[in-house]
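Colleague: Got a file for you: upload.txt, compact mmCIF, C-alpha atoms.
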# COMPACT_ATOMS: atom_id res chain seq x y z
CA MET A 54 -87.02 68.84 119.64
CA ARG A 55 -90.15 68.69 117.51
CA VAL A 56 -90.92 71.84 115.55
CA ASP A 57 -94.18 72.30 113.64
CA LEU A 58 -93.76 74.85 110.87
CA LEU A 59 -96.97 76.54 109.68
CA THR A 60 -97.20 78.00 106.18
CA ARG A 61 -99.68 78.69 103.43
CA GLU A 62 -97.24 77.88 100.61
CA TYR A 63 -95.23 74.70 100.29
CA PRO A 64 -94.05 72.80 97.21
CA PRO A 65 -95.41 72.31 94.71
CA HIS A 66 -97.63 75.32 95.50
CA VAL A 67 -95.06 78.11 95.86
CA TYR A 68 -95.74 81.47 94.23
CA GLY A 69 -93.97 84.15 96.30
CA GLY A 70 -90.89 84.99 98.31
CA ALA A 71 -92.35 83.68 101.58
CA GLY A 72 -92.92 80.30 99.96
CA VAL A 73 -89.35 80.17 98.66
CA HIS A 74 -88.14 81.12 102.14
CA VAL A 75 -90.12 78.37 103.87
CA GLN A 76 -89.11 75.69 101.37
CA ALA A 77 -85.38 76.47 101.65
CA LEU A 78 -85.43 76.96 105.41
CA ALA A 79 -87.27 73.66 105.94
CA GLU A 80 -84.69 71.76 103.90
CA HIS A 81 -81.93 72.89 106.26
CA LEU A 82 -83.95 72.72 109.48
CA ARG A 83 -84.59 69.01 108.90
CA ASN A 84 -80.92 68.44 109.72
CA LEU A 85 -81.28 70.24 113.06
CA VAL A 86 -84.73 69.42 114.49
CA ASP A 87 -87.62 66.99 114.13
CA LEU A 88 -89.51 69.14 111.61
CA ARG A 89 -93.12 68.75 110.59
CA VAL A 90 -94.71 71.05 108.07
CA HIS A 91 -98.35 72.16 108.05
CA CYS A 92 -99.53 73.88 104.86
CA PHE A 93 -102.64 74.72 102.89
CA GLY A 94 -103.75 72.24 100.26
CA PRO A 95 -104.77 68.65 99.52
CA ALA A 96 -103.35 65.69 101.42
CA ASP A 97 -99.65 64.91 100.94
CA THR A 98 -98.10 61.44 100.90
CA ASP A 99 -95.06 62.61 102.90
CA PRO A 100 -95.77 61.82 106.58
CA SER A 101 -93.75 64.88 107.67
CA ILE A 102 -96.12 67.18 105.76
CA GLN A 103 -99.66 67.74 107.01
CA ALA A 104 -101.78 69.53 104.41
CA HIS A 105 -104.98 71.26 105.51
CA ALA A 106 -107.72 71.75 102.95
CA VAL A 107 -110.23 74.59 103.04
CA PRO A 108 -113.62 73.14 104.07
CA SER A 109 -115.85 72.61 101.03
CA ASP A 110 -118.58 74.88 102.40
CA LEU A 111 -116.03 77.74 102.42
CA ALA A 112 -114.76 77.10 98.89
CA THR A 113 -116.10 80.46 97.66
CA ALA A 114 -115.64 82.40 100.90
CA ASN A 115 -113.35 85.37 101.43
CA PRO A 116 -109.72 84.15 101.65
CA SER A 117 -109.50 85.46 105.20
CA LEU A 118 -112.35 83.18 106.30
CA GLN A 119 -110.75 80.26 104.52
CA ALA A 120 -107.53 81.00 106.39
CA LEU A 121 -109.37 81.12 109.72
CA ALA A 122 -110.75 77.64 109.10
CA VAL A 123 -107.35 76.24 108.16
CA ASN A 124 -105.79 77.94 111.19
CA ALA A 125 -108.25 76.17 113.47
CA SER A 126 -107.32 72.83 111.90
CA MET A 127 -103.60 73.51 112.21
CA SER A 128 -103.84 74.58 115.86
CA HIS A 129 -105.53 71.28 116.66
CA MET A 130 -103.03 69.12 114.77
CA VAL A 131 -99.83 70.60 116.27
CA ALA A 132 -100.51 69.13 119.72
CA GLY A 133 -97.32 67.57 121.04
CA ALA A 134 -94.89 69.95 119.30
CA SER A 135 -92.08 71.61 121.26
CA VAL A 136 -92.36 74.82 119.20
CA VAL A 137 -94.77 76.13 116.55
CA HIS A 138 -93.33 78.48 113.93
CA SER A 139 -95.77 80.43 111.74
CA HIS A 140 -95.13 82.31 108.51
CA THR A 141 -97.33 85.17 107.19
CA TRP A 142 -100.75 86.24 108.41
CA TYR A 143 -102.27 83.22 106.68
CA THR A 144 -101.04 80.96 109.52
CA ASN A 145 -100.10 83.37 112.31
CA LEU A 146 -103.31 82.81 114.21
CA ALA A 147 -102.80 79.04 114.20
CA GLY A 148 -99.57 79.54 116.09
CA ARG A 149 -101.22 81.88 118.57
CA LEU A 150 -104.12 79.45 119.15
CA ALA A 151 -101.69 76.56 119.64
CA GLN A 152 -99.78 78.66 122.14
CA GLN A 153 -102.96 79.26 124.14
CA LEU A 154 -104.58 75.85 123.62
CA HIS A 155 -101.57 73.58 124.14
CA GLY A 156 -99.07 75.84 125.92
CA ILE A 157 -96.60 75.53 123.02
CA PRO A 158 -94.08 78.37 122.50
CA HIS A 159 -94.89 80.35 119.34
CA VAL A 160 -92.27 81.77 117.00
CA VAL A 161 -93.35 84.06 114.13
CA THR A 162 -91.32 84.98 111.07
CA ALA A 163 -92.48 88.37 109.83
CA HIS A 164 -92.08 88.54 106.06
CA SER A 165 -94.18 91.72 105.79
CA LEU A 166 -96.66 93.69 107.86
CA GLU A 167 -100.31 94.04 106.89
CA PRO A 168 -100.71 97.69 108.05
CA LEU A 169 -97.93 98.63 105.61
CA ARG A 170 -99.71 96.95 102.69
CA PRO A 171 -103.00 98.88 102.39
CA TRP A 172 -103.37 97.82 98.76
CA LYS A 173 -104.21 94.33 100.06
CA ALA A 174 -107.72 95.67 100.67
CA GLU A 175 -108.29 95.37 96.91
CA GLN A 176 -107.46 91.66 97.10
CA LEU A 177 -109.18 90.80 100.38
CA GLY A 178 -111.99 93.35 100.67
CA GLY A 179 -113.30 93.32 104.23
CA GLY A 180 -111.03 90.36 104.86
CA TYR A 181 -108.11 92.81 105.05
CA GLU A 182 -109.24 93.77 108.55
CA ILE A 183 -109.30 90.08 109.46
CA SER A 184 -105.77 89.57 108.11
CA ARG A 185 -104.62 92.52 110.20
CA PHE A 186 -106.28 91.05 113.28
CA MET A 187 -104.65 87.65 112.75
CA GLU A 188 -101.21 89.22 112.38
CA ARG A 189 -101.65 91.63 115.31
CA GLU A 190 -102.84 88.91 117.68
CA ALA A 191 -99.91 86.68 116.77
CA LEU A 192 -97.12 89.26 116.89
CA THR A 193 -98.20 90.89 120.13
CA GLY A 194 -98.37 87.49 121.85
CA ALA A 195 -95.47 85.62 120.23
CA ASP A 196 -92.60 84.31 122.32
CA ARG A 197 -90.17 85.39 119.62
CA ILE A 198 -90.48 87.25 116.31
CA ILE A 199 -87.96 86.66 113.55
CA ALA A 200 -87.60 89.68 111.25
CA VAL A 201 -86.04 89.19 107.81
CA SER A 202 -84.18 92.52 108.07
CA HIS A 203 -83.27 95.22 110.57
CA ALA A 204 -85.69 97.51 108.74
CA MET A 205 -88.46 94.98 109.33
CA ALA A 206 -87.52 94.76 113.02
CA ARG A 207 -87.91 98.54 113.32
CA ASP A 208 -91.27 98.41 111.53
CA ILE A 209 -92.54 95.72 113.90
CA THR A 210 -91.91 97.75 117.06
CA GLU A 211 -93.23 100.91 115.40
CA ILE A 212 -96.47 99.34 114.17
CA TYR A 213 -96.92 97.16 117.26
CA PRO A 214 -95.53 99.22 120.17
CA GLY A 215 -96.60 96.52 122.63
CA VAL A 216 -93.92 94.20 121.23
CA ASP A 217 -90.78 94.10 123.37
CA PRO A 218 -87.78 94.74 121.07
CA GLU A 219 -85.92 92.05 123.04
CA ARG A 220 -88.32 89.48 121.56
CA VAL A 221 -87.39 90.44 117.98
CA VAL A 222 -84.48 88.64 116.30
CA VAL A 223 -83.13 89.48 112.83
CA VAL A 224 -82.34 86.56 110.52
CA HIS A 225 -81.72 87.52 106.91
CA ASN A 226 -82.96 85.33 104.09
CA GLY A 227 -80.48 83.05 102.40
CA VAL A 228 -79.83 81.98 98.84
CA ASP A 229 -78.86 78.60 97.45
CA ALA A 230 -75.70 79.90 95.80
CA ASP A 231 -74.95 76.50 94.25
CA ARG A 232 -78.24 76.59 92.38
CA TYR A 233 -78.34 80.33 91.77
CA ALA A 234 -74.97 80.68 90.11
CA PRO A 235 -73.85 82.14 86.77
CA ASP A 236 -75.01 79.96 83.89
CA LEU A 237 -74.01 81.43 80.54
CA GLY A 238 -75.74 78.75 78.52
CA THR A 239 -78.67 79.79 76.33
CA ASP A 240 -80.43 76.51 75.57
CA ALA A 241 -83.11 76.88 78.25
CA LEU A 242 -83.77 80.48 77.18
CA ALA A 243 -83.97 79.53 73.51
CA ALA A 244 -86.53 76.86 74.37
CA GLU A 245 -88.66 79.63 75.92
CA GLY A 246 -88.26 81.92 72.91
CA ILE A 247 -86.06 84.49 74.64
CA ASP A 248 -83.20 86.03 72.64
CA ILE A 249 -80.56 87.69 74.80
CA SER A 250 -78.39 89.01 71.96
CA ARG A 251 -79.38 92.56 72.95
CA PRO A 252 -78.66 94.30 76.27
CA THR A 253 -81.29 92.89 78.61
CA VAL A 254 -82.90 94.30 81.74
CA VAL A 255 -84.80 91.82 83.92
CA CYS A 256 -87.42 92.08 86.64
CA VAL A 257 -89.01 89.18 88.53
CA ALA A 258 -92.06 90.12 90.56
CA ARG A 259 -95.64 89.36 91.47
CA ILE A 260 -98.21 91.65 89.84
CA SER A 261 -99.07 93.68 92.91
CA ALA A 262 -99.13 97.36 93.84
CA GLN A 263 -96.32 96.52 96.27
CA LYS A 264 -93.91 95.61 93.47
CA GLY A 265 -94.03 98.92 91.58
CA LEU A 266 -94.20 97.44 88.09
CA PRO A 267 -96.05 100.41 86.53
CA HIS A 268 -93.11 102.60 87.58
CA LEU A 269 -90.69 100.24 85.88
CA LEU A 270 -92.69 100.40 82.64
CA ARG A 271 -92.59 104.21 82.80
CA ALA A 272 -88.85 104.03 83.36
CA ALA A 273 -88.41 101.61 80.45
CA ARG A 274 -89.55 104.27 78.00
CA GLN A 275 -86.35 106.10 78.91
CA PHE A 276 -83.98 103.12 78.62
CA VAL A 277 -81.27 103.14 75.98
CA PRO A 278 -83.02 102.42 72.66
CA GLY A 279 -82.69 98.82 71.56
CA THR A 280 -82.74 97.48 75.12
CA GLN A 281 -84.87 94.45 75.92
CA LEU A 282 -86.91 94.36 79.14
CA VAL A 283 -87.90 90.87 80.29
CA LEU A 284 -90.61 90.78 82.95
CA VAL A 285 -91.15 87.48 84.75
CA ALA A 286 -94.51 88.17 86.38
CA GLN A 287 -96.46 84.94 86.69
CA SER A 288 -98.97 85.63 89.44
CA THR A 289 -101.25 88.51 90.33
CA ASP A 290 -102.97 89.62 93.51
CA THR A 291 -106.26 90.18 91.68
CA ALA A 292 -107.65 89.68 88.17
CA ALA A 293 -108.16 93.44 87.90
CA GLN A 294 -104.51 94.12 88.65
CA GLY A 295 -103.49 91.53 86.09
CA ALA A 296 -105.71 93.16 83.46
CA ARG A 297 -104.28 96.62 84.19
CA PHE A 298 -100.76 95.28 83.89
CA ALA A 299 -101.53 93.54 80.60
CA ARG A 300 -102.85 96.82 79.19
CA ALA A 301 -99.73 98.64 80.38
CA VAL A 302 -97.45 96.09 78.69
CA GLU A 303 -99.50 96.34 75.49
CA GLY A 304 -99.09 100.10 75.66
CA MET A 305 -95.28 99.69 75.43
CA ARG A 306 -95.45 98.57 71.80
CA ASP A 307 -94.71 102.08 70.58
CA SER A 308 -91.56 102.43 72.73
CA ALA A 309 -87.94 101.98 71.65
CA VAL A 310 -87.62 99.15 74.18
CA GLU A 311 -89.02 95.69 73.51
CA VAL A 312 -90.91 94.24 76.46
CA HIS A 313 -91.07 90.46 76.80
CA TRP A 314 -93.58 89.37 79.45
CA VAL A 315 -93.24 85.85 80.85
CA SER A 316 -96.68 85.25 82.33
CA GLY A 317 -96.79 81.46 82.47
CA PRO A 318 -94.60 78.59 83.67
CA PHE A 319 -90.89 79.32 83.38
CA PRO A 320 -88.29 76.62 84.14
CA LYS A 321 -85.87 77.45 86.94
CA ARG A 322 -82.90 76.81 84.67
CA ALA A 323 -84.24 79.33 82.16
CA LEU A 324 -84.66 81.87 84.97
CA ILE A 325 -81.08 81.36 86.12
CA GLN A 326 -79.78 81.73 82.56
CA LEU A 327 -81.87 84.88 82.19
CA LEU A 328 -80.49 86.38 85.40
CA SER A 329 -76.96 85.40 84.37
CA HIS A 330 -77.21 87.12 80.98
CA ALA A 331 -79.02 90.24 82.19
CA ARG A 332 -77.02 93.45 82.15
CA VAL A 333 -79.17 94.77 84.99
CA PHE A 334 -81.78 93.39 87.39
CA VAL A 335 -84.38 95.94 88.50
CA CYS A 336 -86.47 95.87 91.67
CA PRO A 337 -88.88 98.86 91.70
CA SER A 338 -90.71 97.79 94.88
CA LEU A 339 -92.56 100.33 97.00
CA TYR A 340 -92.41 98.05 100.06
CA GLU A 341 -89.90 95.25 100.48
CA PRO A 342 -88.85 93.86 103.87
CA LEU A 343 -85.71 92.36 102.25
CA GLY A 344 -86.15 91.37 98.62
CA LEU A 345 -85.12 87.76 98.03
CA VAL A 346 -85.16 88.24 94.24
CA ASN A 347 -82.34 90.76 94.55
CA LEU A 348 -80.18 88.18 96.32
CA GLU A 349 -80.96 85.59 93.63
CA ALA A 350 -79.91 88.03 90.90
CA MET A 351 -76.73 88.93 92.79
CA ALA A 352 -75.93 85.23 93.22
CA CYS A 353 -76.06 84.91 89.42
CA GLY A 354 -73.54 87.73 89.07
CA THR A 355 -75.95 90.48 88.01
CA PRO A 356 -75.91 94.07 89.33
CA VAL A 357 -79.15 95.34 90.87
CA VAL A 358 -80.91 98.68 90.54
CA ALA A 359 -83.51 98.86 93.28
CA THR A 360 -85.55 101.27 95.31
CA ALA A 361 -84.00 102.06 98.70
CA VAL A 362 -86.97 100.82 100.71
CA GLY A 363 -87.28 98.46 103.66
CA GLY A 364 -84.48 95.94 103.91
CA ILE A 365 -83.21 96.29 100.33
CA PRO A 366 -80.22 98.43 101.42
CA GLU A 367 -79.18 95.54 103.68
CA ALA A 368 -78.79 93.39 100.57
CA VAL A 369 -77.78 95.78 97.78
CA VAL A 370 -74.75 97.97 98.54
CA ASP A 371 -75.13 101.24 96.65
CA GLY A 372 -72.23 101.81 94.25
CA GLU A 373 -70.76 98.36 94.96
CA THR A 374 -73.27 95.67 93.98
CA GLY A 375 -75.63 98.01 92.12
CA TYR A 376 -77.48 101.26 92.67
CA LEU A 377 -80.21 102.30 95.09
CA VAL A 378 -82.89 104.81 94.09
CA PRO A 379 -84.69 106.67 96.89
CA LEU A 380 -88.45 107.09 96.99
CA ARG A 381 -88.29 110.83 97.49
CA ALA A 382 -92.05 111.28 97.77
CA ALA A 383 -92.89 108.04 99.50
CA THR A 384 -95.97 107.65 101.63
CA ARG A 385 -97.65 104.67 103.27
CA ARG A 386 -100.85 105.24 101.41
CA GLY A 387 -102.10 104.31 97.96
CA ASP A 388 -99.39 103.13 95.62
CA GLY A 389 -96.66 104.66 97.78
CA VAL A 390 -95.38 107.25 95.31
CA ASP A 391 -96.66 110.81 94.88
CA GLU A 392 -94.44 111.65 91.91
CA PRO A 393 -94.14 108.55 89.71
CA SER A 394 -92.33 110.49 87.00
CA VAL A 395 -89.49 111.24 89.42
CA LEU A 396 -89.07 107.60 90.38
CA ALA A 397 -89.22 106.49 86.74
CA ARG A 398 -86.60 109.04 85.70
CA GLU A 399 -84.21 108.04 88.47
CA LEU A 400 -84.64 104.31 87.86
CA ALA A 401 -83.96 104.83 84.15
CA ALA A 402 -80.87 106.95 84.83
CA ARG A 403 -79.26 104.25 86.97
CA VAL A 404 -80.21 101.45 84.59
CA ASN A 405 -78.81 103.38 81.65
CA GLU A 406 -75.49 103.91 83.45
CA LEU A 407 -75.02 100.15 83.57
CA LEU A 408 -76.34 99.59 80.05
CA LYS A 409 -73.70 102.01 78.77
CA ASP A 410 -70.85 100.77 80.99
CA GLU A 411 -70.51 97.02 80.70
CA ALA A 412 -67.24 96.97 82.68
CA THR A 413 -68.89 98.56 85.72
CA ALA A 414 -71.87 96.24 85.40
CA ASP A 415 -69.53 93.23 85.36
CA ARG A 416 -67.59 94.51 88.37
CA MET A 417 -70.77 95.09 90.36
CA GLY A 418 -72.09 91.68 89.35
CA ARG A 419 -68.98 89.96 90.67
CA ALA A 420 -69.18 91.96 93.90
CA GLY A 421 -72.82 90.96 94.31
CA ARG A 422 -72.03 87.26 94.01
CA LEU A 423 -69.26 87.61 96.62
CA ARG A 424 -71.63 89.43 98.96
CA VAL A 425 -74.18 86.63 98.73
CA LEU A 426 -71.53 84.00 99.41
CA SER A 427 -70.24 85.83 102.48
CA HIS A 428 -73.51 87.06 104.04
CA PHE A 429 -76.58 85.15 102.84
CA SER A 430 -76.86 81.37 103.17
CA TRP A 431 -79.80 79.18 104.17
CA GLU A 432 -77.55 76.99 106.28
CA ARG A 433 -76.58 80.00 108.40
CA ALA A 434 -80.22 81.13 108.59
CA ALA A 435 -81.37 77.66 109.72
CA HIS A 436 -78.82 77.53 112.54
CA LEU A 437 -79.90 80.98 113.76
CA VAL A 438 -83.56 79.96 113.66
CA ALA A 439 -82.77 76.77 115.58
CA ASP A 440 -81.10 78.94 118.21
CA VAL A 441 -84.38 80.86 118.53
CA TYR A 442 -86.25 77.60 119.09
CA ARG A 443 -83.85 76.59 121.86
CA ALA A 444 -84.29 79.98 123.51
CA VAL A 445 -88.07 79.55 123.94
CA VAL A 446 -88.45 75.89 124.93
Rewrite the coordinates I just gave you, this time as structure tokens.

Modeller:
Amino acid sequence: MRVDLLTREYPPHVYGGAGVHVQALAEHLRNLVDLRVHCFGPADTDPSIQAHAVPSDLATANPSLQALAVNASMSHMVAGASVVHSHTWYTNLAGRLAQQLHGIPHVVTAHSLEPLRPWKAEQLGGGYEISRFMEREALTGADRIIAVSHAMARDITEIYPGVDPERVVVVHNGVDADRYAPDLGTDALAAEGIDISRPTVVCVARISAQKGLPHLLRAARQFVPGTQLVLVAQSTDTAAQGARFARAVEGMRDSAVEVHWVSGPFPKRALIQLLSHARVFVCPSLYEPLGLVNLEAMACGTPVVATAVGGIPEAVVDGETGYLVPLRAATRRGDGVDEPSVLARELAARVNELLKDEATADRMGRAGRLRVLSHFSWERAAHLVADVYRAVV
């Protein structure tokens, strides 16, 4: 069975959770199907990877128009596939066009939903309506939709009531638990200038309204004095968001917590050492269909304090592998929080509990690693996805 997988991100151009998902899933799917990958970017020497470049006359166009052009190219090149499998709105329409043009079954993995990310209008401008169209057309016509959590499955049928719930299958993300495993060395961290001799709180996130980083910085002012907060935030949705975040980090200089911002390249081994040494990992997201970074932290034996949104409660077990903080005043507008001081206070309270109680933090960290090993593997995810392919051919 030939499967053509459609994605914007693919190594070496991976910057977000969807890209990590596609890369890991593809590695395991190659053992189960004849897999060919279509991605954005310059030509690749690997014959199983077909890269599609944005036409030169659209080099400065809105990203949504660039995506439309690439989608047209992809839909043409997948002729002959048994199944097309698209990831994110950037390639969803290619799968839908291939379904109509070639009669190929179309499977969609929903990593997020555009109507629940209104802040994307700042990044895409008028292109946000185009991204919503591309997603809507694909999901309402797909033969199967794979949701990364039960919460995401519920969102799909709520936002798109024309979707038959029987066409939605839940397949949780996995984690490479051999790679993401406790590493108590410090050499890679030292090479990056990070000292973990003090209690350390870590967050790994894209600079986006979705990720709630301003709320974490507010919370950090209330952390136990002497704590170090390390923020691995290497990409931003827009230059304006990046500038606002830089100003917010600069504004933390007068706090009792030292903030170390990793904004550039960061070796994977250094990241794993950082996660392994962290007392707490924090995920302050306002919208998170599952939260792969939480699973990676848990795999490294670190307890997680996270907002109880989307699929996060399907990964983090409150009181067992960390703590969940509700968004008491959550909306689906703006930045998602009406009372940021409340969220900041509650995040800080839970983080401080673990900063003050190392034994509990260690116990929760061990429980988190065990949960990953028993529930979240890419091999399992790949077999479930292959079952979906067989169901539609």

Colleague: Can you work out the spacing between CA of Gly156 (chain A) and CA of Ala125 (chain A) in Å, to one decimal?

Modeller: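 Interatomic distance, CA of Gly156 (chain A) to CA of Ala125 (chain A): 15.5 Å.
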
Colleague: Quick one: of A:Glu245, A:Thr141, A:Ala273, A:Asn347, who's nearest to Pro320 (chain A), counting only C-alpha atoms?

Modeller: A:Glu245

Colleague: Counting only C-alpha atoms, which residues sit no farther than 12 Å from the position (-87.6, 66.0, 114.4) in the file's frame? I'd like them as a PyMOL selection string.

Modeller: chain A and resi 54-58+79+82-90+101+133-136+439

Colleague: Limited to C-alpha atoms, could you put the picked residues into a file as a CSV table (one decimal), in the frame of the given file?

Modeller:
chain,number,residue,atom,x,y,z
A,54,MET,CA,-87.0,68.8,119.6
A,55,ARG,CA,-90.2,68.7,117.5
A,56,VAL,CA,-90.9,71.8,115.6
A,57,ASP,CA,-94.2,72.3,113.6
A,58,LEU,CA,-93.8,74.8,110.9
A,79,ALA,CA,-87.3,73.7,105.9
A,82,LEU,CA,-84.0,72.7,109.5
A,83,ARG,CA,-84.6,69.0,108.9
A,84,ASN,CA,-80.9,68.4,109.7
A,85,LEU,CA,-81.3,70.2,113.1
A,86,VAL,CA,-84.7,69.4,114.5
A,87,ASP,CA,-87.6,67.0,114.1
A,88,LEU,CA,-89.5,69.1,111.6
A,89,ARG,CA,-93.1,68.8,110.6
A,90,VAL,CA,-94.7,71.0,108.1
A,101,SER,CA,-93.8,64.9,107.7
A,133,GLY,CA,-97.3,67.6,121.0
A,134,ALA,CA,-94.9,70.0,119.3
A,135,SER,CA,-92.1,71.6,121.3
A,136,VAL,CA,-92.4,74.8,119.2
A,439,ALA,CA,-82.8,76.8,115.6

Colleague: Would you please work out which residue, of A:Ala299, A:Ala234, A:Cys92, A:Val333, is nearest to Arg403 (chain A) when using all atoms listed in the file?

Modeller: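 Answer, going by the shortest atom-to-atom distance: A:Val333.
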
Colleague: Once 6 Å is added on each side, what centre and edge lengths in Å to one decimal does the axis-aligned box around all listed atoms of region 219-224 of chain A have, as JSON?

Modeller:
{"center_x": -85.3, "center_y": 89.3, "center_z": 116.8, "size_x": 18.0, "size_y": 17.5, "size_z": 24.5}

Colleague: Record the distance separating CA of Ala200 (chain A) and CA of Arg185 (chain A), expressed in Å with one decimal.

Modeller: 17.3 Å

Colleague: Please determine, counting all atoms listed in the file, which residue among A:Asp196, A:Glu182, A:Asp99, A:Glu188 has the shortest atom-to-atom distance to His138 (chain A).

Modeller: A:Asp196

Colleague: Using only C-alpha atoms, which residue out of A:Val223, A:Val358, A:Val346, A:Ile183 lies closest to Glu167 (chain A)?

Modeller: A:Ile183

Colleague: Could you give me, as a ChimeraX atom specification, the residues within 12 Å of Leu423 (chain A), counting all atoms listed in the file and dropping anything in the same chain fewer than 3 positions from it?

Modeller: /A:230,234,348,351-356,368-370,373-374,416-420,426-430

Colleague: How would the residues just picked look written out with C-alpha atoms as a tab-separated table (two decimals), keeping the file's coordinate frame?

Modeller:
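Okay, result-v3.tsv is ready:
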chain	number	residue	atom	x	y	z
A	230	ALA	CA	-75.70	79.90	95.80
A	234	ALA	CA	-74.97	80.68	90.11
A	348	LEU	CA	-80.18	88.18	96.32
A	351	MET	CA	-76.73	88.93	92.79
A	352	ALA	CA	-75.93	85.23	93.22
A	353	CYS	CA	-76.06	84.91	89.42
A	354	GLY	CA	-73.54	87.73	89.07
A	355	THR	CA	-75.95	90.48	88.01
A	356	PRO	CA	-75.91	94.07	89.33
A	368	ALA	CA	-78.79	93.39	100.57
A	369	VAL	CA	-77.78	95.78	97.78
A	370	VAL	CA	-74.75	97.97	98.54
A	373	GLU	CA	-70.76	98.36	94.96
A	374	THR	CA	-73.27	95.67	93.98
A	416	ARG	CA	-67.59	94.51	88.37
A	417	MET	CA	-70.77	95.09	90.36
A	418	GLY	CA	-72.09	91.68	89.35
A	419	ARG	CA	-68.98	89.96	90.67
A	420	ALA	CA	-69.18	91.96	93.90
A	426	LEU	CA	-71.53	84.00	99.41
A	427	SER	CA	-70.24	85.83	102.48
A	428	HIS	CA	-73.51	87.06	104.04
A	429	PHE	CA	-76.58	85.15	102.84
A	430	SER	CA	-76.86	81.37	103.17

Colleague: One number please: CA of Ser338 (chain A) to CA of Gly265 (chain A), in Å, one decimal.

Modeller: 4.8 Å

Colleague: Have a look at A:His74, A:Lys409, A:Arg61, A:His330 and name the one nearest to Val107 (chain A); count only C-alpha atoms.

Modeller: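 Among the listed residues, A:Arg61 lies closest to Val107 (chain A).
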
Colleague: Nearest residue to Met187 (chain A) out of A:Arg297, A:Arg274, A:Arg149, A:Arg220, using all atoms listed in the file?

Modeller: A:Arg149

Colleague: Would you kindly identify which residues have an atom no farther than 12 Å from (-111.1, 92.8, 99.9), using only C-alpha atoms and the file's own coordinates, and write them out as a list in words?

Modeller: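 Residues close enough to count: Ala114, Asn115, Pro116, Ser117, Leu118, Pro171, Trp172, Lys173, Ala174, Glu175, Gln176, Leu177, Gly178, Gly179, Gly180, Tyr181, Glu182, Ile183, Ser184, Asp290 and Thr291 of chain A.
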
Colleague: Would you save the residues of that selection, restricted to C-alpha atoms, as a short mmCIF file (atom, residue, chain, number, x, y, z; two decimals), keeping the file's coordinate frame?

Modeller:
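As a result, part.cif now contains:
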data_model
loop_
_atom_site.label_atom_id
_atom_site.label_comp_id
_atom_site.auth_asym_id
_atom_site.auth_seq_id
_atom_site.Cartn_x
_atom_site.Cartn_y
_atom_site.Cartn_z
CA ALA A 114 -115.64 82.40 100.90
CA ASN A 115 -113.35 85.37 101.43
CA PRO A 116 -109.72 84.15 101.65
CA SER A 117 -109.50 85.46 105.20
CA LEU A 118 -112.35 83.18 106.30
CA PRO A 171 -103.00 98.88 102.39
CA TRP A 172 -103.37 97.82 98.76
CA LYS A 173 -104.21 94.33 100.06
CA ALA A 174 -107.72 95.67 100.67
CA GLU A 175 -108.29 95.37 96.91
CA GLN A 176 -107.46 91.66 97.10
CA LEU A 177 -109.18 90.80 100.38
CA GLY A 178 -111.99 93.35 100.67
CA GLY A 179 -113.30 93.32 104.23
CA GLY A 180 -111.03 90.36 104.86
CA TYR A 181 -108.11 92.81 105.05
CA GLU A 182 -109.24 93.77 108.55
CA ILE A 183 -109.30 90.08 109.46
CA SER A 184 -105.77 89.57 108.11
CA ASP A 290 -102.97 89.62 93.51
CA THR A 291 -106.26 90.18 91.68
#

Colleague: Within 10 Å of region 158-162 of chain A, which residues of region 180-207 of chain A show up? Give each one with its shortest atom-to-atom distance in Å (one decimal) and the two atoms involved, counting all atoms listed in the file, rows by chain then rising residue number, as JSON lines.

Modeller:
{"residue": "A:Glu188", "atom": "CA", "partner": "A:Val161", "partner_atom": "CA", "distance": 9.6}
{"residue": "A:Ala191", "atom": "CA", "partner": "A:Val161", "partner_atom": "CA", "distance": 7.5}
{"residue": "A:Leu192", "atom": "CA", "partner": "A:Val161", "partner_atom": "CA", "distance": 7.0}
{"residue": "A:Gly194", "atom": "CA", "partner": "A:His159", "partner_atom": "CA", "distance": 8.3}
{"residue": "A:Ala195", "atom": "CA", "partner": "A:His159", "partner_atom": "CA", "distance": 5.4}
{"residue": "A:Asp196", "atom": "CA", "partner": "A:His159", "partner_atom": "CA", "distance": 5.5}
{"residue": "A:Arg197", "atom": "CA", "partner": "A:Val160", "partner_atom": "CA", "distance": 4.9}
{"residue": "A:Ile198", "atom": "CA", "partner": "A:Val161", "partner_atom": "CA", "distance": 4.8}
{"residue": "A:Ile199", "atom": "CA", "partner": "A:Thr162", "partner_atom": "CA", "distance": 4.5}
{"residue": "A:Ala200", "atom": "CA", "partner": "A:Thr162", "partner_atom": "CA", "distance": 6.0}
{"residue": "A:Val201", "atom": "CA", "partner": "A:Thr162", "partner_atom": "CA", "distance": 7.5}

Colleague: Please provide as a VMD selection string all residues within 9 Å of Val438 (chain A), with the sequence filter that same-chain residues fewer than 4 positions apart are discarded (counting all atoms listed in the file).

Modeller: chain A and resid 78 82 199 224 433 to 434 442 to 443

Colleague: Include C-alpha atoms and write out the residues we just selected as a JSON list (two decimals), in the frame of the given file.

Modeller:
[["chain", "number", "residue", "atom", "x", "y", "z"],
["A", 78, "LEU", "CA", -85.43, 76.96, 105.41],
["A", 82, "LEU", "CA", -83.95, 72.72, 109.48],
["A", 199, "ILE", "CA", -87.96, 86.66, 113.55],
["A", 224, "VAL", "CA", -82.34, 86.56, 110.52],
["A", 433, "ARG", "CA", -76.58, 80.00, 108.40],
["A", 434, "ALA", "CA", -80.22, 81.13, 108.59],
["A", 442, "TYR", "CA", -86.25, 77.60, 119.09],
["A", 443, "ARG", "CA", -83.85, 76.59, 121.86]]

Colleague: Would you mind listing what lies within 9 Å of Lys264 (chain A) as a list of chain:residue names, with only C-alpha atoms counted and same-chain residues fewer than 2 positions away left out?

Modeller: A:Ala258, A:Arg259, A:Ile260, A:Ser261, A:Ala262, A:Leu266, A:Pro267, A:Cys336, A:Pro337, A:Ser338, A:Leu339, A:Tyr340, A:Glu341
